Amino acid sequence: MSRPRLDEATRDYLQCAIVARDGRRCFYCARNFKKTPMRRKTLDHYIPWWIWPGWDVANLVLACEGCNLAKGAVLPWPLVWLLLATFRRDGWGLAA
């Protein structure tokens, strides 16, 4: 499934909503976009597109281009830890 391109108005709306929620910083390295205007900000799917397709603001964060490329299409470690803590060691059942 290929990712549809966003028009500029939708992209601007999503970025404004994320800035209101998280501030003007890269979600991963916390560098401020306002202090370094040449740093290119991108929309990143926190949970990769192949798992959660769509442009839901709940799954989007602002990331500098370097951090976004470094993360790629993998699950972020905090989410992996949460998933591993949810399941018991002796099987795949949910922990009580």
# chains A, B, ... in the order shown; residues from 1 in each chain; ligands from 1

$ residues_around --residues "A:Leu79" --least-positions-apart "4" --cutoff "10 Å" --atoms "only C-alpha atoms" --output "MDAnalysis selection string"
chainID A and resid 46:47 75 83:85

$ write_last_selection --atoms "N, CA, C and O atoms" --output "CSV table (one decimal), in the first residue's frame"
chain,number,residue,atom,x,y,z
A,46,TYR,N,4.6,7.9,14.1
A,46,TYR,CA,5.3,7.3,15.3
A,46,TYR,C,5.2,5.8,15.2
A,46,TYR,O,6.2,5.1,15.4
A,47,ILE,N,4.0,5.3,15.0
A,47,ILE,CA,3.8,3.9,14.7
A,47,ILE,C,3.8,3.8,13.2
A,47,ILE,O,3.1,4.5,12.5
A,75,LEU,N,9.4,0.1,14.7
A,75,LEU,CA,8.6,0.5,15.9
A,75,LEU,C,9.6,1.2,16.8
A,75,LEU,O,10.7,0.8,17.0
A,83,LEU,N,4.9,-3.1,24.7
A,83,LEU,CA,4.3,-4.4,24.1
A,83,LEU,C,4.9,-5.6,24.8
A,83,LEU,O,4.2,-6.5,25.2
A,84,LEU,N,6.2,-5.6,25.0
A,84,LEU,CA,6.8,-6.7,25.7
A,84,LEU,C,6.4,-6.8,27.2
A,84,LEU,O,6.2,-7.9,27.7
A,85,ALA,N,6.2,-5.7,27.8
A,85,ALA,CA,5.7,-5.7,29.2
A,85,ALA,C,4.3,-6.2,29.4
A,85,ALA,O,3.9,-6.7,30.4

$ residues_around --residues "A:Pro53" --least-positions-apart "3" --cutoff "12 Å" --atoms "only C-alpha atoms" --output "list in words"
Met1, Ser2, Arg3, Pro4, Asp44, His45, Tyr46, Ile47, Pro48, Trp49, Trp50, Asp56, Val57, Ala58, Asn59, Leu60 and Ala73 of chain A

$ write_last_selection --atoms "N, CA and C atoms" --output "compact mmCIF listing (two decimals), in the first residue's frame"
# COMPACT_ATOMS: atom_id res chain seq x y z
N MET A 1 0.85 -1.16 0.00
CA MET A 1 0.00 0.00 0.00
C MET A 1 0.90 1.23 0.00
N SER A 2 0.74 2.08 -1.01
CA SER A 2 1.57 3.28 -1.07
C SER A 2 0.88 4.42 -0.31
N ARG A 3 1.70 5.27 0.22
CA ARG A 3 1.22 6.39 1.02
C ARG A 3 0.74 7.51 0.10
N PRO A 4 -0.49 8.00 0.28
CA PRO A 4 -0.94 9.12 -0.56
C PRO A 4 -0.22 10.41 -0.18
N ASP A 44 6.26 12.60 10.86
CA ASP A 44 6.65 11.21 11.01
C ASP A 44 5.52 10.43 11.64
N HIS A 45 5.27 9.24 11.13
CA HIS A 45 4.31 8.33 11.75
C HIS A 45 5.03 7.63 12.90
N TYR A 46 4.61 7.93 14.14
CA TYR A 46 5.25 7.32 15.32
C TYR A 46 5.17 5.80 15.23
N ILE A 47 3.97 5.30 15.02
CA ILE A 47 3.80 3.87 14.69
C ILE A 47 3.83 3.81 13.17
N PRO A 48 4.72 3.04 12.58
CA PRO A 48 4.94 3.08 11.13
C PRO A 48 3.66 2.90 10.32
N TRP A 49 3.69 3.51 9.14
CA TRP A 49 2.56 3.49 8.21
C TRP A 49 2.08 2.07 7.92
N TRP A 50 3.01 1.12 7.81
CA TRP A 50 2.63 -0.25 7.46
C TRP A 50 1.82 -0.92 8.57
N ASP A 56 -3.72 10.22 10.91
CA ASP A 56 -4.33 10.56 12.19
C ASP A 56 -3.32 11.33 13.04
N VAL A 57 -3.72 12.49 13.57
CA VAL A 57 -2.83 13.32 14.36
C VAL A 57 -2.30 12.57 15.58
N ALA A 58 -3.06 11.64 16.10
CA ALA A 58 -2.63 10.87 17.27
C ALA A 58 -1.39 10.04 16.98
N ASN A 59 -1.13 9.72 15.73
CA ASN A 59 0.02 8.89 15.36
C ASN A 59 1.12 9.70 14.67
N LEU A 60 0.99 11.01 14.61
CA LEU A 60 1.97 11.83 13.93
C LEU A 60 2.79 12.65 14.92
N ALA A 73 11.15 2.76 9.18
CA ALA A 73 9.84 2.14 9.31
C ALA A 73 9.83 1.09 10.41

$ select_by_dssp --residues "chain A" --states "helix (DSSP H, G or I)" --output "number ranges by chain"
A: 8-22, 57-59, 65-71, 77-86

$ closest_residue --among "A:Ile51, A:Leu62, A:Leu69, A:Leu82" --to "A:Ala30" --atoms "only C-alpha atoms"
A:Leu62

$ select_by_dssp --residues "stretch 37-71 of chain A" --states "strand (DSSP E or B)" --output "list of chain:residue names"
A:Lys41, A:Thr42, A:Leu43, A:Asp44, A:His45, A:Leu60, A:Val61, A:Leu62, A:Ala63, A:Cys64

$ atom_distance --atom1 "atom CA of A:Phe27" --atom2 "atom CA of A:Cys64"
8.2 Å

$ closest_residue --among "A:Gly72, A:Trp52, A:Val61, A:Phe33" --to "A:Gln15" --atoms "only C-alpha atoms"
A:Val61

$ decode --residues "stretch 57-77 of chain A" --atoms "N, CA, C and O atoms" --output "tab-separated table (two decimals), in the first residue's frame"
chain	number	residue	atom	x	y	z
A	57	VAL	N	-3.72	12.49	13.57
A	57	VAL	CA	-2.83	13.32	14.36
A	57	VAL	C	-2.30	12.57	15.58
A	57	VAL	O	-1.18	12.81	16.03
A	58	ALA	N	-3.06	11.64	16.10
A	58	ALA	CA	-2.63	10.87	17.27
A	58	ALA	C	-1.39	10.04	16.98
A	58	ALA	O	-0.64	9.68	17.90
A	59	ASN	N	-1.13	9.72	15.73
A	59	ASN	CA	0.02	8.89	15.36
A	59	ASN	C	1.12	9.70	14.67
A	59	ASN	O	2.09	9.14	14.19
A	60	LEU	N	0.99	11.01	14.61
A	60	LEU	CA	1.97	11.83	13.93
A	60	LEU	C	2.79	12.65	14.92
A	60	LEU	O	2.26	13.11	15.94
A	61	VAL	N	4.06	12.83	14.62
A	61	VAL	CA	4.95	13.71	15.39
A	61	VAL	C	5.78	14.51	14.39
A	61	VAL	O	5.93	14.13	13.24
A	62	LEU	N	6.31	15.63	14.86
A	62	LEU	CA	7.27	16.40	14.06
A	62	LEU	C	8.66	15.87	14.35
A	62	LEU	O	9.01	15.63	15.51
A	63	ALA	N	9.43	15.66	13.31
A	63	ALA	CA	10.80	15.16	13.47
A	63	ALA	C	11.69	15.87	12.47
A	63	ALA	O	11.25	16.20	11.36
A	64	CYS	N	12.93	16.12	12.88
A	64	CYS	CA	13.87	16.67	11.90
A	64	CYS	C	14.16	15.56	10.88
A	64	CYS	O	13.97	14.37	11.16
A	65	GLU	N	14.58	15.98	9.72
A	65	GLU	CA	14.76	15.02	8.63
A	65	GLU	C	15.73	13.89	9.00
A	65	GLU	O	15.49	12.73	8.71
A	66	GLY	N	16.82	14.23	9.71
A	66	GLY	CA	17.79	13.21	10.10
A	66	GLY	C	17.21	12.17	11.03
A	66	GLY	O	17.44	10.97	10.87
A	67	CYS	N	16.45	12.62	12.03
A	67	CYS	CA	15.84	11.68	12.98
A	67	CYS	C	14.79	10.81	12.29
A	67	CYS	O	14.68	9.62	12.56
A	68	ASN	N	14.02	11.41	11.40
A	68	ASN	CA	12.99	10.67	10.68
A	68	ASN	C	13.62	9.57	9.82
A	68	ASN	O	13.17	8.42	9.82
A	69	LEU	N	14.69	9.91	9.12
A	69	LEU	CA	15.36	8.92	8.29
A	69	LEU	C	16.02	7.84	9.15
A	69	LEU	O	16.04	6.67	8.77
A	70	ALA	N	16.57	8.23	10.29
A	70	ALA	CA	17.22	7.25	11.17
A	70	ALA	C	16.21	6.26	11.75
A	70	ALA	O	16.51	5.08	11.89
A	71	LYS	N	15.02	6.74	12.10
A	71	LYS	CA	13.99	5.85	12.66
A	71	LYS	C	13.48	4.89	11.58
A	71	LYS	O	13.29	3.71	11.83
A	72	GLY	N	13.26	5.40	10.39
A	72	GLY	CA	12.78	4.56	9.30
A	72	GLY	C	11.40	4.00	9.58
A	72	GLY	O	10.56	4.65	10.20
A	73	ALA	N	11.15	2.76	9.18
A	73	ALA	CA	9.84	2.14	9.31
A	73	ALA	C	9.83	1.09	10.41
A	73	ALA	O	9.24	0.03	10.28
A	74	VAL	N	10.52	1.38	11.52
A	74	VAL	CA	10.56	0.44	12.64
A	74	VAL	C	9.74	0.97	13.79
A	74	VAL	O	9.48	2.16	13.89
A	75	LEU	N	9.37	0.08	14.68
A	75	LEU	CA	8.64	0.50	15.88
A	75	LEU	C	9.61	1.21	16.82
A	75	LEU	O	10.73	0.76	17.02
A	76	PRO	N	9.18	2.31	17.44
A	76	PRO	CA	10.04	2.98	18.42
A	76	PRO	C	10.23	2.12	19.66
A	76	PRO	O	9.31	1.39	20.06
A	77	TRP	N	11.40	2.19	20.28
A	77	TRP	CA	11.71	1.34	21.43
A	77	TRP	C	10.73	1.47	22.59
A	77	TRP	O	10.36	0.45	23.18
